[in-house]
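Working notes, beginning with the structure itself.
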Amino acid sequence: MRVEENKSLKNYNTFGIDCTARYFVSVESIEELKQALSEKNSKELFILGGGSNMLLTGDLDAFVIHINLKGIEILKETETEVFVKAMAGENWHAFVQYCIASDFGGLENLSLIPGNVGTAPIQNIGAYGVELKDTFVSSNAIEVETLKEREFTKDECAFEYRNSIFKNEAKGKYIITSVTFRLTKKNHKTSVSYGDIQKVLNDKKIETPTIKDISEAVIAIRQSKLPDPKILGNSGSFFKNPVVDAETFQEFRRNFPEAPFYEVSPTEFKIPAGWLIEKAGFKGQRFGDAGVHKNQALVLVNYGKASGKQLWELAMEIQKKVKEMTGIFIEPEVNVF
Ligand code: EPU
């Protein structure tokens, strides 16, 4: 374990922003993590996972701990299901691919989501009708103050749409070290009704899809809409899809009867932020090296040398225009530092 100073974080965030960390250490075991925590003294702590859901707007005057804990373990299994524990530093998609190769079902719709296993519960990652919480059993974590290990059960995590206890009461207090999932070994409960999955399967003339077929369909859809962070810096959806009350929704519908929406409950309506941003005229727009992706307006992109500040200014401009034009307030989904 070596503490580096003024380390560039360019390769540690998927936006590819060139900011530095005052102190930086990558930990590969729980012991190293505890050692790093005790060495940080009074410096501010910053925990870095896959760097796929954050925007850095300046250098970090902090003690950055990069969670690089690796390992996948089968805890127990029956004829029909398996409990798999993955360490926090495992790449999410590589873990999903491991599950598919082992024919463990439940995560196939979450293929190709950037980031690491340990950060997935923080925002309860979700895509194509499936959320992390659907297969989540528990997380192990270390308490920053005491270095004590503890477990968070699914109920304790208080999962919601792109939200959990780790974004609220537990924020900054715990470091997730592993996540355990409950997956199926046969009779997989597949979910193909969302978006274009069924269409892709139909085009390939697949009637009874395997989890591998579904994963491949999701990968194809994501690749057609979402930019690959290795080629074009981005952080996935920059904004959350807003959920509005019935009154706001009725007013919005009067002005935009053509807008897509999902009824969350009789009094709550979710409107796709991507549609709102496109309506406000930003889709495919580029301002210097900061831009809005041409195939999915919810994704902001770094064409190369955009600073975090420039991307943040663009985000705030989008937020303002969307509110002026549609009456709807959209909130960032990424963490901004
Ligand atoms: N839409 C537009 N214009 C756009 C983008 C979208 O009109 O530029 C419309 C689409 O036509 C569709 C609706 O908005 O009617 C929804 O679009 P899509 O299915 O692409 O999904 P989304 O709501 O924009 C969410 C997640 C994504 C996830 C997809 C698929 C959030 C904030 N985003 O996007 O998650 O991959 O559904 O399930 O909930 C992420 O969080 O980083 C992410 C990529």
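Convention: chains lettered A, B, ... in structure tokens order; per-chain residue numbering from 1; ligands numbered from 1 as shown.
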
Please build the interface table for chain A against ligand 1 with a cut-off of 6 Å, listing for each qualifying residue the nearest atom pair and the distance in Å to one decimal; count only C-alpha atoms and all ligand atoms, order rows by chain and increasing number, and write it as JSON lines.
{"residue": "A:Ala127", "atom": "CA", "partner": "ligand 1", "partner_atom_place_in_ligand_line": "38 (O)", "distance": 3.3}
{"residue": "A:Tyr128", "atom": "CA", "partner": "ligand 1", "partner_atom_place_in_ligand_line": "38 (O)", "distance": 3.6}
{"residue": "A:Gly195", "atom": "CA", "partner": "ligand 1", "partner_atom_place_in_ligand_line": "19 (O)", "distance": 5.8}
{"residue": "A:Gly236", "atom": "CA", "partner": "ligand 1", "partner_atom_place_in_ligand_line": "42 (O)", "distance": 3.5}
{"residue": "A:Ser237", "atom": "CA", "partner": "ligand 1", "partner_atom_place_in_ligand_line": "42 (O)", "distance": 3.7}
{"residue": "A:Phe239", "atom": "CA", "partner": "ligand 1", "partner_atom_place_in_ligand_line": "32 (C)", "distance": 5.7}
{"residue": "A:Lys240", "atom": "CA", "partner": "ligand 1", "partner_atom_place_in_ligand_line": "32 (C)", "distance": 4.0}
{"residue": "A:Asn241", "atom": "CA", "partner": "ligand 1", "partner_atom_place_in_ligand_line": "32 (C)", "distance": 5.0}
{"residue": "A:Pro260", "atom": "CA", "partner": "ligand 1", "partner_atom_place_in_ligand_line": "15 (O)", "distance": 5.3}
{"residue": "A:Pro272", "atom": "CA", "partner": "ligand 1", "partner_atom_place_in_ligand_line": "14 (O)", "distance": 4.6}
{"residue": "A:Gly274", "atom": "CA", "partner": "ligand 1", "partner_atom_place_in_ligand_line": "5 (C)", "distance": 3.8}
{"residue": "A:Trp275", "atom": "CA", "partner": "ligand 1", "partner_atom_place_in_ligand_line": "7 (O)", "distance": 3.5}
{"residue": "A:Glu278", "atom": "CA", "partner": "ligand 1", "partner_atom_place_in_ligand_line": "8 (O)", "distance": 5.4}
{"residue": "A:Asn295", "atom": "CA", "partner": "ligand 1", "partner_atom_place_in_ligand_line": "8 (O)", "distance": 5.9}
{"residue": "A:Gln296", "atom": "CA", "partner": "ligand 1", "partner_atom_place_in_ligand_line": "8 (O)", "distance": 3.8}
{"residue": "A:Ala297", "atom": "CA", "partner": "ligand 1", "partner_atom_place_in_ligand_line": "8 (O)", "distance": 3.6}

Please save N, CA, C and O atoms of the selected residues as a CSV table (one decimal), in the first residue's frame.
chain,number,residue,atom,x,y,z
A,127,ALA,N,-31.9,-0.9,-15.0
A,127,ALA,CA,-32.0,-0.8,-16.5
A,127,ALA,C,-33.0,-1.9,-17.0
A,127,ALA,O,-33.0,-3.0,-16.4
A,128,TYR,N,-33.8,-1.5,-18.0
A,128,TYR,CA,-34.7,-2.4,-18.7
A,128,TYR,C,-35.5,-3.2,-17.7
A,128,TYR,O,-35.6,-4.5,-17.8
A,195,GLY,N,-38.9,-1.7,-23.0
A,195,GLY,CA,-38.2,-1.1,-24.2
A,195,GLY,C,-38.0,-2.0,-25.4
A,195,GLY,O,-39.0,-2.7,-25.7
A,236,GLY,N,-23.1,8.0,-17.9
A,236,GLY,CA,-24.5,7.4,-18.1
A,236,GLY,C,-25.5,8.6,-18.0
A,236,GLY,O,-25.2,9.7,-18.3
A,237,SER,N,-26.7,8.2,-17.5
A,237,SER,CA,-27.7,9.3,-17.3
A,237,SER,C,-27.2,10.4,-16.4
A,237,SER,O,-26.9,10.1,-15.2
A,239,PHE,N,-29.1,13.1,-15.5
A,239,PHE,CA,-30.2,13.5,-14.7
A,239,PHE,C,-31.1,12.3,-14.3
A,239,PHE,O,-31.1,11.3,-15.0
A,240,LYS,N,-31.9,12.4,-13.2
A,240,LYS,CA,-32.9,11.4,-12.9
A,240,LYS,C,-34.2,11.7,-13.7
A,240,LYS,O,-34.4,12.9,-14.0
A,241,ASN,N,-35.0,10.7,-14.0
A,241,ASN,CA,-36.3,10.9,-14.6
A,241,ASN,C,-37.2,11.5,-13.5
A,241,ASN,O,-37.3,10.9,-12.4
A,260,PRO,N,-44.0,11.0,-23.6
A,260,PRO,CA,-44.2,9.7,-23.0
A,260,PRO,C,-44.1,9.9,-21.5
A,260,PRO,O,-43.6,10.9,-20.9
A,272,PRO,N,-39.8,11.0,-18.8
A,272,PRO,CA,-38.4,10.8,-19.2
A,272,PRO,C,-37.6,12.1,-19.3
A,272,PRO,O,-38.0,12.9,-20.2
A,274,GLY,N,-34.8,12.5,-20.7
A,274,GLY,CA,-34.2,12.5,-22.0
A,274,GLY,C,-35.2,13.2,-23.0
A,274,GLY,O,-34.8,14.0,-23.8
A,275,TRP,N,-36.5,12.9,-22.9
A,275,TRP,CA,-37.5,13.6,-23.7
A,275,TRP,C,-37.5,15.1,-23.5
A,275,TRP,O,-37.6,15.9,-24.4
A,278,GLU,N,-34.5,16.8,-24.9
A,278,GLU,CA,-34.5,16.8,-26.4
A,278,GLU,C,-35.5,17.9,-26.8
A,278,GLU,O,-35.2,18.7,-27.7
A,295,ASN,N,-27.7,10.4,-29.5
A,295,ASN,CA,-28.7,9.3,-29.4
A,295,ASN,C,-29.5,9.2,-28.1
A,295,ASN,O,-30.4,8.5,-28.1
A,296,GLN,N,-29.0,9.9,-27.1
A,296,GLN,CA,-29.7,9.8,-25.8
A,296,GLN,C,-29.4,11.1,-25.1
A,296,GLN,O,-28.3,11.3,-24.5
A,297,ALA,N,-30.4,12.0,-25.0
A,297,ALA,CA,-30.2,13.4,-24.5
A,297,ALA,C,-29.9,13.4,-23.0
A,297,ALA,O,-29.5,14.4,-22.4

Contacts of A:Lys133 at 8 Å (only C-alpha atoms; same-chain gap of 2+ positions) as a PyMOL selection string: chain A and resi 121+124+131+135-136+154+159

Rank nothing, just name the residue among A:His188, A:Arg182, A:Lys230, A:Lys320 nearest to A:Tyr303, using only C-alpha atoms.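 Among the listed residues, the smallest separation from A:Tyr303 belongs to A:Lys230.
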
Using only C-alpha atoms, which residues sit within 9 Å of stretch 324-331 of chain A once same-chain residues fewer than 2 positions away are excluded, as a PyMOL selection string? chain A and resi 238-242+244+248+251-252+255-256+273+276+279-280+318-322+333

Apply DSSP to the backbone of this structure and, from stretch 93-248 of chain A, keep only the residues in helix (DSSP H, G or I); write these as a ChimeraX atom specification. /A:93-101,108-110,117-119,132-134,154-157,165-167,197-203,211-225,246-248

Find the residues around A:Glu313 up to 12 Å (only C-alpha atoms counted), leave out those fewer than 4 positions away in its own chain, and share them as a list in words. Leu55, Thr57, Phe287, Gly288, Ala290, Gly291, Leu300, Ala306, Ser307, Gly308, Lys309, Glu317, Ile318, Gln319, Lys320 and Val336 of chain A

Find the residues around A:Ala120 up to 10 Å (only C-alpha atoms counted), leave out those fewer than 6 positions away in its own chain, and share them as an MDAnalysis selection string. chainID A and resid 49:50 53 88 92 113:114 126 131:133 162 176 179

Could you write out the selected residues, including all heavy atoms, as a CSV table (one decimal), in the first residue's frame?
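Now in out.csv:
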chain,number,residue,atom,x,y,z
A,49,GLY,N,-14.8,4.4,-6.3
A,49,GLY,CA,-15.0,3.0,-6.8
A,49,GLY,C,-14.7,3.0,-8.3
A,49,GLY,O,-13.5,3.3,-8.7
A,50,GLY,N,-15.7,2.8,-9.2
A,50,GLY,CA,-15.4,2.7,-10.6
A,50,GLY,C,-15.4,4.1,-11.3
A,50,GLY,O,-15.1,4.2,-12.4
A,53,ASN,N,-20.1,7.4,-11.9
A,53,ASN,CA,-21.3,8.2,-11.6
A,53,ASN,C,-21.0,9.5,-10.9
A,53,ASN,O,-21.6,9.9,-9.9
A,53,ASN,CB,-22.3,7.3,-10.7
A,53,ASN,CG,-23.7,7.8,-10.8
A,53,ASN,OD1,-24.1,8.2,-11.9
A,53,ASN,ND2,-24.3,7.9,-9.6
A,88,ALA,N,-16.2,-5.5,-3.6
A,88,ALA,CA,-16.6,-4.2,-4.1
A,88,ALA,C,-15.8,-3.7,-5.3
A,88,ALA,O,-16.4,-3.0,-6.2
A,88,ALA,CB,-16.4,-3.2,-3.0
A,92,TRP,N,-18.4,-4.2,-12.6
A,92,TRP,CA,-19.8,-4.7,-12.6
A,92,TRP,C,-20.1,-5.6,-13.8
A,92,TRP,O,-20.6,-6.7,-13.7
A,92,TRP,CB,-20.8,-3.5,-12.6
A,92,TRP,CG,-22.2,-4.0,-12.8
A,92,TRP,CD1,-23.0,-4.1,-13.9
A,92,TRP,CD2,-23.0,-4.6,-11.8
A,92,TRP,NE1,-24.2,-4.7,-13.7
A,92,TRP,CE2,-24.2,-5.0,-12.4
A,92,TRP,CE3,-22.8,-4.9,-10.4
A,92,TRP,CZ2,-25.2,-5.7,-11.7
A,92,TRP,CZ3,-23.8,-5.6,-9.7
A,92,TRP,CH2,-25.0,-5.9,-10.3
A,113,ILE,N,-23.6,-2.0,-17.7
A,113,ILE,CA,-23.6,-0.8,-16.9
A,113,ILE,C,-22.2,-0.6,-16.4
A,113,ILE,O,-21.6,-1.5,-15.8
A,113,ILE,CB,-24.6,-1.0,-15.7
A,113,ILE,CG1,-26.0,-1.1,-16.2
A,113,ILE,CG2,-24.5,0.2,-14.7
A,113,ILE,CD1,-27.1,-1.1,-15.2
A,114,PRO,N,-21.7,0.7,-16.6
A,114,PRO,CA,-20.3,0.9,-16.1
A,114,PRO,C,-20.2,0.9,-14.6
A,114,PRO,O,-21.3,1.0,-13.9
A,114,PRO,CB,-20.0,2.3,-16.7
A,114,PRO,CG,-21.1,2.7,-17.5
A,114,PRO,CD,-22.3,1.8,-17.2
A,126,GLY,N,-30.2,0.4,-12.2
A,126,GLY,CA,-31.3,-0.2,-12.8
A,126,GLY,C,-31.3,0.0,-14.3
A,126,GLY,O,-30.8,1.0,-14.8
A,131,GLU,N,-33.9,-3.8,-11.3
A,131,GLU,CA,-33.0,-3.0,-10.4
A,131,GLU,C,-32.2,-3.9,-9.6
A,131,GLU,O,-32.5,-5.1,-9.3
A,131,GLU,CB,-33.9,-2.1,-9.5
A,131,GLU,CG,-34.5,-1.0,-10.2
A,131,GLU,CD,-35.3,0.0,-9.3
A,131,GLU,OE1,-35.8,-0.5,-8.3
A,131,GLU,OE2,-35.3,1.2,-9.5
A,132,LEU,N,-31.0,-3.4,-9.1
A,132,LEU,CA,-30.1,-4.2,-8.3
A,132,LEU,C,-30.9,-4.8,-7.1
A,132,LEU,O,-30.7,-6.0,-6.7
A,132,LEU,CB,-29.0,-3.3,-7.7
A,132,LEU,CG,-28.1,-3.9,-6.7
A,132,LEU,CD1,-26.8,-4.2,-7.3
A,132,LEU,CD2,-28.0,-3.1,-5.5
A,133,LYS,N,-31.8,-4.1,-6.5
A,133,LYS,CA,-32.5,-4.6,-5.3
A,133,LYS,C,-33.3,-5.9,-5.5
A,133,LYS,O,-33.5,-6.6,-4.6
A,133,LYS,CB,-33.5,-3.5,-4.8
A,133,LYS,CG,-34.7,-3.3,-5.6
A,133,LYS,CD,-35.7,-2.4,-4.8
A,133,LYS,CE,-36.9,-1.9,-5.6
A,133,LYS,NZ,-37.7,-3.0,-6.3
A,162,ARG,N,-33.0,4.8,-7.9
A,162,ARG,CA,-31.7,5.5,-7.9
A,162,ARG,C,-31.4,6.0,-6.5
A,162,ARG,O,-30.9,7.1,-6.4
A,162,ARG,CB,-31.7,6.6,-8.9
A,162,ARG,CG,-31.7,6.1,-10.4
A,162,ARG,CD,-30.5,5.3,-10.8
A,162,ARG,NE,-30.5,5.1,-12.2
A,162,ARG,CZ,-31.1,4.2,-12.9
A,162,ARG,NH1,-31.9,3.3,-12.2
A,162,ARG,NH2,-31.0,4.1,-14.2
A,176,ILE,N,-18.6,0.2,1.5
A,176,ILE,CA,-19.1,-1.1,1.1
A,176,ILE,C,-17.9,-1.9,0.6
A,176,ILE,O,-17.1,-1.5,-0.2
A,176,ILE,CB,-20.2,-1.0,0.0
A,176,ILE,CG1,-21.4,-0.3,0.5
A,176,ILE,CG2,-20.5,-2.4,-0.6
A,176,ILE,CD1,-22.4,0.1,-0.5
A,179,VAL,N,-20.8,-7.4,-1.9
A,179,VAL,CA,-22.3,-7.5,-2.1
A,179,VAL,C,-22.6,-8.9,-2.4
A,179,VAL,O,-21.9,-9.6,-3.1
A,179,VAL,CB,-22.8,-6.6,-3.3
A,179,VAL,CG1,-24.3,-6.6,-3.4
A,179,VAL,CG2,-22.3,-5.1,-3.2
